[in-house]
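Student: Dropping in upload.pdb, which is PDB, C-alpha atoms, pLDDT in the B column:
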ATOM      1  CA  MET K   1     132.501 235.794 -24.429  1.00 60.00           C
ATOM      2  CA  ARG K   2     130.418 237.950 -26.758  1.00 82.00           C
ATOM      3  CA  THR K   3     129.222 236.955 -30.202  1.00 93.00           C
ATOM      4  CA  HIS K   4     131.699 237.562 -33.026  1.00 97.00           C
ATOM      5  CA  LEU K   5     130.385 238.144 -36.547  1.00 98.00           C
ATOM      6  CA  VAL K   6     132.240 237.021 -39.654  1.00 98.00           C
ATOM      7  CA  TRP K   7     130.851 238.922 -42.614  1.00 98.00           C
ATOM      8  CA  ASP K   8     130.988 237.899 -46.246  1.00 98.00           C
ATOM      9  CA  TRP K   9     131.733 240.653 -48.772  1.00 98.00           C
ATOM     10  CA  ASN K  10     130.361 240.108 -52.306  1.00 97.00           C
ATOM     11  CA  GLY K  11     126.588 239.907 -52.324  1.00 97.00           C
ATOM     12  CA  THR K  12     126.411 240.569 -48.586  1.00 98.00           C
ATOM     13  CA  LEU K  13     128.038 243.812 -47.452  1.00 98.00           C
ATOM     14  CA  LEU K  14     128.593 244.854 -51.069  1.00 98.00           C
ATOM     15  CA  ASP K  15     125.460 244.983 -53.231  1.00 98.00           C
ATOM     16  CA  ASP K  16     127.110 243.707 -56.389  1.00 98.00           C
ATOM     17  CA  ILE K  17     124.882 240.935 -57.757  1.00 97.00           C
ATOM     18  CA  HIS K  18     124.272 242.808 -61.018  1.00 97.00           C
ATOM     19  CA  ALA K  19     128.001 243.345 -61.506  1.00 97.00           C
ATOM     20  CA  VAL K  20     128.630 239.659 -60.800  1.00 97.00           C
ATOM     21  CA  VAL K  21     126.007 238.529 -63.289  1.00 97.00           C
ATOM     22  CA  GLY K  22     127.234 241.028 -65.883  1.00 98.00           C
ATOM     23  CA  ALA K  23     130.803 239.796 -65.497  1.00 97.00           C
ATOM     24  CA  SER K  24     129.603 236.186 -65.619  1.00 96.00           C
ATOM     25  CA  ASN K  25     127.766 236.820 -68.865  1.00 97.00           C
ATOM     26  CA  ALA K  26     130.916 238.374 -70.302  1.00 97.00           C
ATOM     27  CA  ALA K  27     132.794 235.231 -69.300  1.00 95.00           C
ATOM     28  CA  PHE K  28     130.123 233.014 -70.871  1.00 95.00           C
ATOM     29  CA  ALA K  29     130.370 234.954 -74.126  1.00 96.00           C
ATOM     30  CA  GLU K  30     134.064 234.068 -74.344  1.00 94.00           C
ATOM     31  CA  ILE K  31     133.136 230.457 -75.097  1.00 93.00           C
ATOM     32  CA  GLY K  32     129.830 231.051 -76.885  1.00 93.00           C
ATOM     33  CA  LEU K  33     127.364 230.588 -74.019  1.00 93.00           C
ATOM     34  CA  ALA K  34     124.181 232.662 -73.956  1.00 94.00           C
ATOM     35  CA  PRO K  35     123.709 235.265 -71.209  1.00 96.00           C
ATOM     36  CA  ILE K  36     121.484 234.528 -68.210  1.00 96.00           C
ATOM     37  CA  THR K  37     119.289 236.657 -65.953  1.00 97.00           C
ATOM     38  CA  VAL K  38     119.875 237.404 -62.278  1.00 97.00           C
ATOM     39  CA  GLU K  39     117.026 235.039 -61.431  1.00 96.00           C
ATOM     40  CA  ARG K  40     118.550 232.205 -63.454  1.00 96.00           C
ATOM     41  CA  TYR K  41     121.956 232.891 -61.942  1.00 96.00           C
ATOM     42  CA  ARG K  42     120.511 232.565 -58.435  1.00 96.00           C
ATOM     43  CA  GLU K  43     118.876 229.256 -59.340  1.00 95.00           C
ATOM     44  CA  LEU K  44     122.052 227.725 -60.769  1.00 94.00           C
ATOM     45  CA  TYR K  45     124.937 229.281 -58.854  1.00 93.00           C
ATOM     46  CA  CYS K  46     127.017 226.972 -56.683  1.00 91.00           C
ATOM     47  CA  ILE K  47     130.513 226.552 -55.282  1.00 87.00           C
ATOM     48  CA  PRO K  48     133.022 225.518 -56.522  1.00 87.00           C
ATOM     49  CA  ILE K  49     132.578 227.725 -59.584  1.00 89.00           C
ATOM     50  CA  PRO K  50     133.465 225.046 -62.176  1.00 88.00           C
ATOM     51  CA  LYS K  51     130.391 223.110 -60.964  1.00 90.00           C
ATOM     52  CA  PHE K  52     128.290 226.207 -61.646  1.00 93.00           C
ATOM     53  CA  TYR K  53     129.662 226.327 -65.169  1.00 92.00           C
ATOM     54  CA  GLU K  54     128.895 222.617 -65.537  1.00 94.00           C
ATOM     55  CA  ARG K  55     125.228 223.347 -64.808  1.00 93.00           C
ATOM     56  CA  LEU K  56     125.220 225.834 -67.671  1.00 89.00           C
ATOM     57  CA  MET K  57     127.276 223.856 -70.147  1.00 91.00           C
ATOM     58  CA  GLY K  58     126.182 220.310 -69.397  1.00 92.00           C
ATOM     59  CA  ARG K  59     129.819 219.434 -68.709  1.00 94.00           C
ATOM     60  CA  LEU K  60     132.767 220.745 -66.758  1.00 93.00           C
ATOM     61  CA  PRO K  61     134.776 223.393 -68.616  1.00 93.00           C
ATOM     62  CA  THR K  62     138.150 222.297 -69.906  1.00 95.00           C
ATOM     63  CA  ASP K  63     141.219 223.725 -68.197  1.00 93.00           C
ATOM     64  CA  ALA K  64     141.677 226.107 -71.114  1.00 95.00           C
ATOM     65  CA  GLU K  65     138.027 227.240 -70.985  1.00 94.00           C
ATOM     66  CA  TRP K  66     138.232 227.777 -67.226  1.00 92.00           C
ATOM     67  CA  LEU K  67     141.276 230.012 -67.567  1.00 93.00           C
ATOM     68  CA  VAL K  68     139.611 232.092 -70.283  1.00 95.00           C
ATOM     69  CA  MET K  69     136.331 232.427 -68.377  1.00 94.00           C
ATOM     70  CA  ASP K  70     137.962 233.167 -65.033  1.00 92.00           C
ATOM     71  CA  ALA K  71     140.150 235.882 -66.511  1.00 95.00           C
ATOM     72  CA  ALA K  72     137.198 237.421 -68.376  1.00 96.00           C
ATOM     73  CA  PHE K  73     135.038 237.408 -65.255  1.00 95.00           C
ATOM     74  CA  HIS K  74     137.587 239.205 -63.109  1.00 93.00           C
ATOM     75  CA  ARG K  75     138.435 241.723 -65.844  1.00 96.00           C
ATOM     76  CA  HIS K  76     134.803 242.721 -66.368  1.00 97.00           C
ATOM     77  CA  TYR K  77     133.897 242.554 -62.684  1.00 96.00           C
ATOM     78  CA  VAL K  78     136.486 245.199 -61.801  1.00 95.00           C
ATOM     79  CA  GLU K  79     134.902 247.530 -64.351  1.00 96.00           C
ATOM     80  CA  LEU K  80     131.322 246.879 -63.225  1.00 97.00           C
ATOM     81  CA  ARG K  81     132.020 246.948 -59.486  1.00 95.00           C
ATOM     82  CA  ALA K  82     132.815 250.661 -59.643  1.00 94.00           C
ATOM     83  CA  ALA K  83     129.088 251.389 -59.864  1.00 96.00           C
ATOM     84  CA  CYS K  84     128.175 249.215 -56.856  1.00 98.00           C
ATOM     85  CA  GLY K  85     127.359 250.499 -53.397  1.00 97.00           C
ATOM     86  CA  LEU K  86     127.137 248.957 -49.976  1.00 98.00           C
ATOM     87  CA  THR K  87     123.975 247.080 -49.074  1.00 98.00           C
ATOM     88  CA  ASP K  88     121.329 249.239 -47.381  1.00 96.00           C
ATOM     89  CA  GLY K  89     122.111 249.921 -43.738  1.00 96.00           C
ATOM     90  CA  VAL K  90     125.635 248.497 -43.693  1.00 98.00           C
ATOM     91  CA  GLU K  91     127.344 251.507 -42.126  1.00 97.00           C
ATOM     92  CA  GLU K  92     124.752 251.747 -39.349  1.00 98.00           C
ATOM     93  CA  ILE K  93     124.771 247.996 -38.706  1.00 98.00           C
ATOM     94  CA  LEU K  94     128.543 247.762 -38.457  1.00 98.00           C
ATOM     95  CA  THR K  95     128.755 250.859 -36.291  1.00 98.00           C
ATOM     96  CA  GLY K  96     126.036 249.624 -33.948  1.00 97.00           C
ATOM     97  CA  TRP K  97     127.604 246.214 -33.514  1.00 97.00           C
ATOM     98  CA  GLY K  98     130.974 247.675 -32.640  1.00 96.00           C
ATOM     99  CA  ALA K  99     129.509 250.361 -30.370  1.00 95.00           C
ATOM    100  CA  ALA K 100     128.001 247.595 -28.242  1.00 93.00           C
ATOM    101  CA  GLY K 101     131.513 246.282 -27.590  1.00 92.00           C
ATOM    102  CA  ARG K 102     131.258 243.307 -29.919  1.00 94.00           C
ATOM    103  CA  SER K 103     133.777 242.268 -32.540  1.00 96.00           C
ATOM    104  CA  GLN K 104     133.410 241.532 -36.234  1.00 98.00           C
ATOM    105  CA  SER K 105     135.641 240.544 -39.115  1.00 98.00           C
ATOM    106  CA  LEU K 106     135.393 240.060 -42.858  1.00 98.00           C
ATOM    107  CA  LEU K 107     136.251 236.963 -44.881  1.00 98.00           C
ATOM    108  CA  SER K 108     135.774 236.917 -48.640  1.00 97.00           C
ATOM    109  CA  MET K 109     136.637 234.666 -51.546  1.00 94.00           C
ATOM    110  CA  TYR K 110     137.587 237.788 -53.483  1.00 93.00           C
ATOM    111  CA  GLY K 111     141.378 237.879 -53.863  1.00 92.00           C
ATOM    112  CA  HIS K 112     143.052 239.298 -50.753  1.00 96.00           C
ATOM    113  CA  ASP K 113     145.232 241.836 -52.521  1.00 95.00           C
ATOM    114  CA  GLU K 114     142.193 243.204 -54.372  1.00 94.00           C
ATOM    115  CA  LEU K 115     139.816 242.999 -51.416  1.00 96.00           C
ATOM    116  CA  VAL K 116     141.664 245.066 -48.829  1.00 97.00           C
ATOM    117  CA  PRO K 117     141.928 248.308 -50.842  1.00 97.00           C
ATOM    118  CA  VAL K 118     138.340 247.905 -52.050  1.00 97.00           C
ATOM    119  CA  VAL K 119     136.993 247.584 -48.497  1.00 98.00           C
ATOM    120  CA  ARG K 120     139.138 250.536 -47.463  1.00 97.00           C
ATOM    121  CA  GLY K 121     137.740 252.526 -50.373  1.00 97.00           C
ATOM    122  CA  TYR K 122     134.193 252.029 -49.134  1.00 97.00           C
ATOM    123  CA  GLY K 123     135.239 253.489 -45.775  1.00 97.00           C
ATOM    124  CA  ILE K 124     134.334 250.546 -43.549  1.00 98.00           C
ATOM    125  CA  GLU K 125     137.677 248.826 -42.877  1.00 98.00           C
ATOM    126  CA  ARG K 126     137.844 250.370 -39.401  1.00 97.00           C
ATOM    127  CA  HIS K 127     134.903 248.264 -38.226  1.00 98.00           C
ATOM    128  CA  PHE K 128     136.739 244.950 -38.577  1.00 98.00           C
ATOM    129  CA  VAL K 129     139.370 243.377 -36.380  1.00 97.00           C
ATOM    130  CA  ARG K 130     140.568 241.485 -39.459  1.00 98.00           C
ATOM    131  CA  VAL K 131     139.925 241.544 -43.218  1.00 98.00           C
ATOM    132  CA  ASP K 132     140.896 238.425 -45.172  1.00 98.00           C
ATOM    133  CA  GLY K 133     140.421 237.607 -48.819  1.00 97.00           C
ATOM    134  CA  ARG K 134     141.151 234.473 -50.793  1.00 95.00           C
ATOM    135  CA  THR K 135     144.722 233.377 -51.205  1.00 92.00           C
ATOM    136  CA  GLY K 136     145.619 230.916 -53.930  1.00 85.00           C
ATOM    137  CA  PRO K 137     143.644 230.104 -57.087  1.00 82.00           C
ATOM    138  CA  SER K 138     140.020 231.169 -57.520  1.00 79.00           C
ATOM    139  CA  GLY K 139     137.088 228.833 -57.860  1.00 73.00           C
ATOM    140  CA  GLY K 140     137.326 226.894 -54.582  1.00 82.00           C
ATOM    141  CA  THR K 141     135.337 226.726 -51.349  1.00 93.00           C
ATOM    142  CA  LYS K 142     135.529 228.874 -48.221  1.00 96.00           C
ATOM    143  CA  ALA K 143     135.925 226.205 -45.526  1.00 96.00           C
ATOM    144  CA  GLU K 144     139.708 226.129 -45.201  1.00 96.00           C
ATOM    145  CA  HIS K 145     139.894 229.908 -45.516  1.00 97.00           C
ATOM    146  CA  MET K 146     137.479 230.071 -42.563  1.00 98.00           C
ATOM    147  CA  VAL K 147     139.754 227.803 -40.536  1.00 97.00           C
ATOM    148  CA  ARG K 148     142.710 230.124 -41.122  1.00 97.00           C
ATOM    149  CA  HIS K 149     140.628 233.246 -40.538  1.00 98.00           C
ATOM    150  CA  LEU K 150     139.387 232.150 -37.121  1.00 97.00           C
ATOM    151  CA  ALA K 151     142.822 230.848 -36.141  1.00 96.00           C
ATOM    152  CA  ALA K 152     144.235 234.320 -36.781  1.00 97.00           C
ATOM    153  CA  LEU K 153     141.691 235.993 -34.504  1.00 95.00           C
ATOM    154  CA  GLU K 154     142.538 236.362 -30.827  1.00 85.00           C
ATOM    155  CA  ASP K 155     140.248 234.897 -28.173  1.00 86.00           C
ATOM    156  CA  VAL K 156     137.422 234.004 -30.560  1.00 93.00           C
ATOM    157  CA  ASP K 157     135.577 230.768 -29.775  1.00 94.00           C
ATOM    158  CA  PRO K 158     134.038 229.269 -32.947  1.00 94.00           C
ATOM    159  CA  GLY K 159     131.006 228.379 -30.852  1.00 94.00           C
ATOM    160  CA  ARG K 160     130.397 232.106 -30.360  1.00 94.00           C
ATOM    161  CA  VAL K 161     130.825 232.963 -34.052  1.00 97.00           C
ATOM    162  CA  VAL K 162     128.016 233.670 -36.499  1.00 98.00           C
ATOM    163  CA  VAL K 163     128.839 233.856 -40.196  1.00 98.00           C
ATOM    164  CA  ILE K 164     126.619 236.167 -42.269  1.00 98.00           C
ATOM    165  CA  GLY K 165     126.754 235.564 -46.015  1.00 98.00           C
ATOM    166  CA  ASP K 166     124.740 235.158 -49.181  1.00 98.00           C
ATOM    167  CA  ALA K 167     125.824 231.677 -50.299  1.00 96.00           C
ATOM    168  CA  VAL K 168     125.321 228.098 -49.195  1.00 96.00           C
ATOM    169  CA  ASP K 169     129.112 227.891 -49.121  1.00 96.00           C
ATOM    170  CA  ASP K 170     129.104 230.389 -46.236  1.00 97.00           C
ATOM    171  CA  ALA K 171     126.921 228.033 -44.202  1.00 98.00           C
ATOM    172  CA  LEU K 172     129.142 225.074 -45.077  1.00 97.00           C
ATOM    173  CA  ALA K 173     132.253 227.005 -44.056  1.00 98.00           C
ATOM    174  CA  ALA K 174     130.607 227.950 -40.754  1.00 98.00           C
ATOM    175  CA  ALA K 175     129.659 224.339 -40.052  1.00 98.00           C
ATOM    176  CA  HIS K 176     133.195 223.245 -40.899  1.00 98.00           C
ATOM    177  CA  VAL K 177     134.568 225.237 -37.950  1.00 97.00           C
ATOM    178  CA  GLY K 178     131.646 224.739 -35.561  1.00 97.00           C
ATOM    179  CA  ALA K 179     130.145 228.199 -36.051  1.00 97.00           C
ATOM    180  CA  ALA K 180     126.563 229.239 -36.792  1.00 97.00           C
ATOM    181  CA  ALA K 181     125.357 230.969 -39.969  1.00 98.00           C
ATOM    182  CA  VAL K 182     122.642 233.275 -41.245  1.00 98.00           C
ATOM    183  CA  LEU K 183     122.115 233.610 -45.000  1.00 98.00           C
ATOM    184  CA  TYR K 184     120.949 236.741 -46.820  1.00 98.00           C
ATOM    185  CA  THR K 185     118.769 236.643 -49.944  1.00 98.00           C
ATOM    186  CA  GLY K 186     120.215 239.738 -51.646  1.00 97.00           C
ATOM    187  CA  GLY K 187     123.159 237.983 -53.242  1.00 97.00           C
ATOM    188  CA  SER K 188     124.008 234.882 -55.217  1.00 95.00           C
ATOM    189  CA  HIS K 189     121.235 232.386 -54.378  1.00 96.00           C
ATOM    190  CA  SER K 190     117.462 232.236 -54.472  1.00 95.00           C
ATOM    191  CA  ARG K 191     115.620 231.914 -51.167  1.00 97.00           C
ATOM    192  CA  ALA K 192     114.694 228.307 -51.984  1.00 96.00           C
ATOM    193  CA  VAL K 193     118.343 227.358 -52.492  1.00 96.00           C
ATOM    194  CA  LEU K 194     119.390 229.095 -49.272  1.00 97.00           C
ATOM    195  CA  GLU K 195     116.637 227.506 -47.207  1.00 97.00           C
ATOM    196  CA  ALA K 196     117.852 224.063 -48.257  1.00 96.00           C
ATOM    197  CA  ALA K 197     121.052 224.776 -46.295  1.00 96.00           C
ATOM    198  CA  GLY K 198     119.107 224.403 -43.054  1.00 97.00           C
ATOM    199  CA  VAL K 199     120.118 227.700 -41.445  1.00 97.00           C
ATOM    200  CA  PRO K 200     118.131 230.930 -40.902  1.00 98.00           C
ATOM    201  CA  VAL K 201     117.459 232.905 -44.100  1.00 98.00           C
ATOM    202  CA  VAL K 202     116.693 236.636 -44.058  1.00 98.00           C
ATOM    203  CA  ASP K 203     115.861 239.423 -46.487  1.00 98.00           C
ATOM    204  CA  SER K 204     117.862 242.160 -44.734  1.00 98.00           C
ATOM    205  CA  LEU K 205     121.193 242.434 -42.974  1.00 98.00           C
ATOM    206  CA  GLY K 206     119.457 244.050 -40.027  1.00 97.00           C
ATOM    207  CA  ASP K 207     117.422 240.878 -39.566  1.00 97.00           C
ATOM    208  CA  ALA K 208     120.594 238.814 -39.942  1.00 98.00           C
ATOM    209  CA  VAL K 209     122.230 240.642 -37.033  1.00 97.00           C
ATOM    210  CA  ARG K 210     119.164 240.345 -34.835  1.00 96.00           C
ATOM    211  CA  ILE K 211     119.047 236.598 -35.403  1.00 96.00           C
ATOM    212  CA  ALA K 212     122.794 236.321 -34.850  1.00 95.00           C
ATOM    213  CA  GLU K 213     122.404 237.950 -31.449  1.00 91.00           C
ATOM    214  CA  ASP K 214     119.819 235.351 -30.440  1.00 87.00           C
ATOM    215  CA  MET K 215     121.716 232.381 -31.913  1.00 80.00           C
ATOM    216  CA  ALA K 216     124.815 232.905 -29.809  1.00 59.00           C
ATOM    217  CA  ALA K 217     123.119 234.339 -26.715  1.00 56.00           C
TER     218      ALA K 217
END
Transcribe the structure of this file into structure tokens.
Tutor:
Amino acid sequence: MRTHLVWDWNGTLLDDIHAVVGASNAAFAEIGLAPITVERYRELYCIPIPKFYERLMGRLPTDAEWLVMDAAFHRHYVELRAACGLTDGVEEILTGWGAAGRSQSLLSMYGHDELVPVVRGYGIERHFVRVDGRTGPSGGTKAEHMVRHLAALEDVDPGRVVVIGDAVDDALAAAHVGAAAVLYTGGSHSRAVLEAAGVPVVDSLGDAVRIAEDMAA
């Protein structure tokens, strides 16, 4: 069985870190928090999202604060995402992987109903055997979504799967199902944070694919 790739979307295939930080700062402003830089975001960011907010606030947000911040984030992110493009080389990487007769899919914590038309709009949906976004409330982890994603794929052995993402949570989700992971530095975490996850860390998606080929060979 050939290696199957499970791609993350935000911060991995989509180069949207500045939109994410901009939307986060808009959410922070809703409850009087000061804005942060991309660098500071990458140092502090973690999943689940309320824990990230706790690092900023010194306490967990109240239920009311969470609802306000979550709504503000998604409202501003939609506006800012329009200016975002795919990460360098994505079209060529996806095309090359498929041309070699290997499969790939996409799993994101972006809401499913929003994700599918967005991926389609960037013209890359055809490369994936399946595209899944988050179902249910936002703010959680990816592990159980990964379980459902792989279960929905035909003839895919988790031991032949490599997850490529930009967050420690991607590595945790991969481990949860017995898959491997490669983490990319262009998204939500600093290199130091990613390296602490104990999986390969790369600065380009091309390198991620090359390592993935070796990991599941």
Student: With a cut-off of 7 Å, could you pull out the residues of range 145-165 of chain K touching range 169-185 of chain K and give me the nearest pair of atoms for each, distance in Å to one decimal, using all atoms listed in the file, ordered by chain and ascending number, as CSV?
Tutor:
residue,atom,partner,partner_atom,distance
K:Met146,CA,K:Ala173,CA,6.2
K:Val147,CA,K:Val177,CA,6.3
K:Pro158,CA,K:Ala179,CA,5.1
K:Gly159,CA,K:Ala179,CA,5.3
K:Arg160,CA,K:Ala179,CA,6.9
K:Val161,CA,K:Ala179,CA,5.2
K:Val162,CA,K:Ala180,CA,4.7
K:Val163,CA,K:Ala181,CA,4.5
K:Ile164,CA,K:Val182,CA,5.0
K:Gly165,CA,K:Leu183,CA,5.1
Student: What is the distance between CA of Leu80 in chain K and CA of Val129 in chain K, in Å to one decimal?
Tutor: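 These atoms are spaced 28.2 Å apart.
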Student: Out of K:Ala100, K:Val131, K:Ala197, K:Val168, which residue has the shortest atom-to-atom distance to Asp113 in chain K when counting all atoms listed in the file?
Tutor: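 So, comparing all the options, the nearest one is K:Val131.
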Student: Each residue of range 109-139 of chain K lying at most 12 Å from range 27-47 of chain K should get a row with its shortest atom-to-atom pair and the distance in Å to one decimal, counting all atoms listed in the file; could you produce that, ordered by chain and increasing number, as a Markdown table?
Tutor:
| residue | atom | partner | partner_atom | distance |
| --- | --- | --- | --- | --- |
| K:Met109 | CA | K:Ile47 | CA | 10.8 |
| K:Ser138 | CA | K:Ile47 | CA | 10.8 |
| K:Gly139 | CA | K:Ile47 | CA | 7.4 |
Student: Between K:Leu13, K:Met69, K:His76, K:Ile49, which residue has the minimum interatomic distance to Ile124 in chain K, considering only C-alpha atoms?
Tutor: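 Checking each of K:Leu13, K:Met69, K:His76, K:Ile49 against Ile124 in chain K, counting only C-alpha atoms, the winner is K:Leu13.
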Student: Name the closest residue to His4 in chain K among the candidates K:His18, K:His112, K:Lys142, K:Arg130; distances are taken between atoms, counting all atoms listed in the file.
Tutor: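 Answer, going by the shortest atom-to-atom distance: K:Arg130.
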Student: Emit as AutoDock Vina command-line options the padded axis-aligned box for all listed atoms of range 150-162 of chain K, 6 Å per side, with centre and edge lengths in Å to one decimal.
Tutor:
--center_x 136.1 --center_y 232.4 --center_z -32.6 --size_x 28.2 --size_y 20.0 --size_z 20.9
Student: Export N, CA and C atoms of range 199-210 of chain K from the structure just given, as a PDB file, in the first residue's frame?
Tutor:
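After the write, decode08.pdb holds the following:
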ATOM      1  N   VAL K 199       8.485  15.246  16.238  1.00  0.00           N
ATOM      2  CA  VAL K 199       8.329  14.763  14.868  1.00  0.00           C
ATOM      3  C   VAL K 199       9.161  15.662  13.947  1.00  0.00           C
ATOM      4  N   PRO K 200       9.407  15.239  12.694  1.00  0.00           N
ATOM      5  CA  PRO K 200      10.182  16.089  11.789  1.00  0.00           C
ATOM      6  C   PRO K 200       9.534  17.457  11.583  1.00  0.00           C
ATOM      7  N   VAL K 201      10.375  18.490  11.527  1.00  0.00           N
ATOM      8  CA  VAL K 201       9.927  19.870  11.322  1.00  0.00           C
ATOM      9  C   VAL K 201      10.638  20.423  10.089  1.00  0.00           C
ATOM     10  N   VAL K 202       9.885  21.062   9.203  1.00  0.00           N
ATOM     11  CA  VAL K 202      10.444  21.537   7.936  1.00  0.00           C
ATOM     12  C   VAL K 202      10.021  22.982   7.677  1.00  0.00           C
ATOM     13  N   ASP K 203      10.766  23.625   6.779  1.00  0.00           N
ATOM     14  CA  ASP K 203      10.481  25.010   6.422  1.00  0.00           C
ATOM     15  C   ASP K 203       9.776  25.144   5.077  1.00  0.00           C
ATOM     16  N   SER K 204       9.524  24.026   4.394  1.00  0.00           N
ATOM     17  CA  SER K 204       8.803  24.081   3.123  1.00  0.00           C
ATOM     18  C   SER K 204       7.945  22.835   2.981  1.00  0.00           C
ATOM     19  N   LEU K 205       6.858  22.965   2.225  1.00  0.00           N
ATOM     20  CA  LEU K 205       5.992  21.816   2.008  1.00  0.00           C
ATOM     21  C   LEU K 205       6.650  20.792   1.088  1.00  0.00           C
ATOM     22  N   GLY K 206       7.534  21.242   0.232  1.00  0.00           N
ATOM     23  CA  GLY K 206       8.291  20.311  -0.591  1.00  0.00           C
ATOM     24  C   GLY K 206       9.132  19.383   0.270  1.00  0.00           C
ATOM     25  N   ASP K 207       9.793  19.945   1.275  1.00  0.00           N
ATOM     26  CA  ASP K 207      10.572  19.125   2.203  1.00  0.00           C
ATOM     27  C   ASP K 207       9.671  18.185   2.994  1.00  0.00           C
ATOM     28  N   ALA K 208       8.482  18.670   3.350  1.00  0.00           N
ATOM     29  CA  ALA K 208       7.540  17.830   4.099  1.00  0.00           C
ATOM     30  C   ALA K 208       7.176  16.582   3.303  1.00  0.00           C
ATOM     31  N   VAL K 209       6.922  16.743   2.011  1.00  0.00           N
ATOM     32  CA  VAL K 209       6.554  15.606   1.173  1.00  0.00           C
ATOM     33  C   VAL K 209       7.718  14.653   1.003  1.00  0.00           C
ATOM     34  N   ARG K 210       8.912  15.182   0.831  1.00  0.00           N
ATOM     35  CA  ARG K 210      10.076  14.314   0.682  1.00  0.00           C
ATOM     36  C   ARG K 210      10.298  13.472   1.938  1.00  0.00           C
TER      37      ARG K 210
END
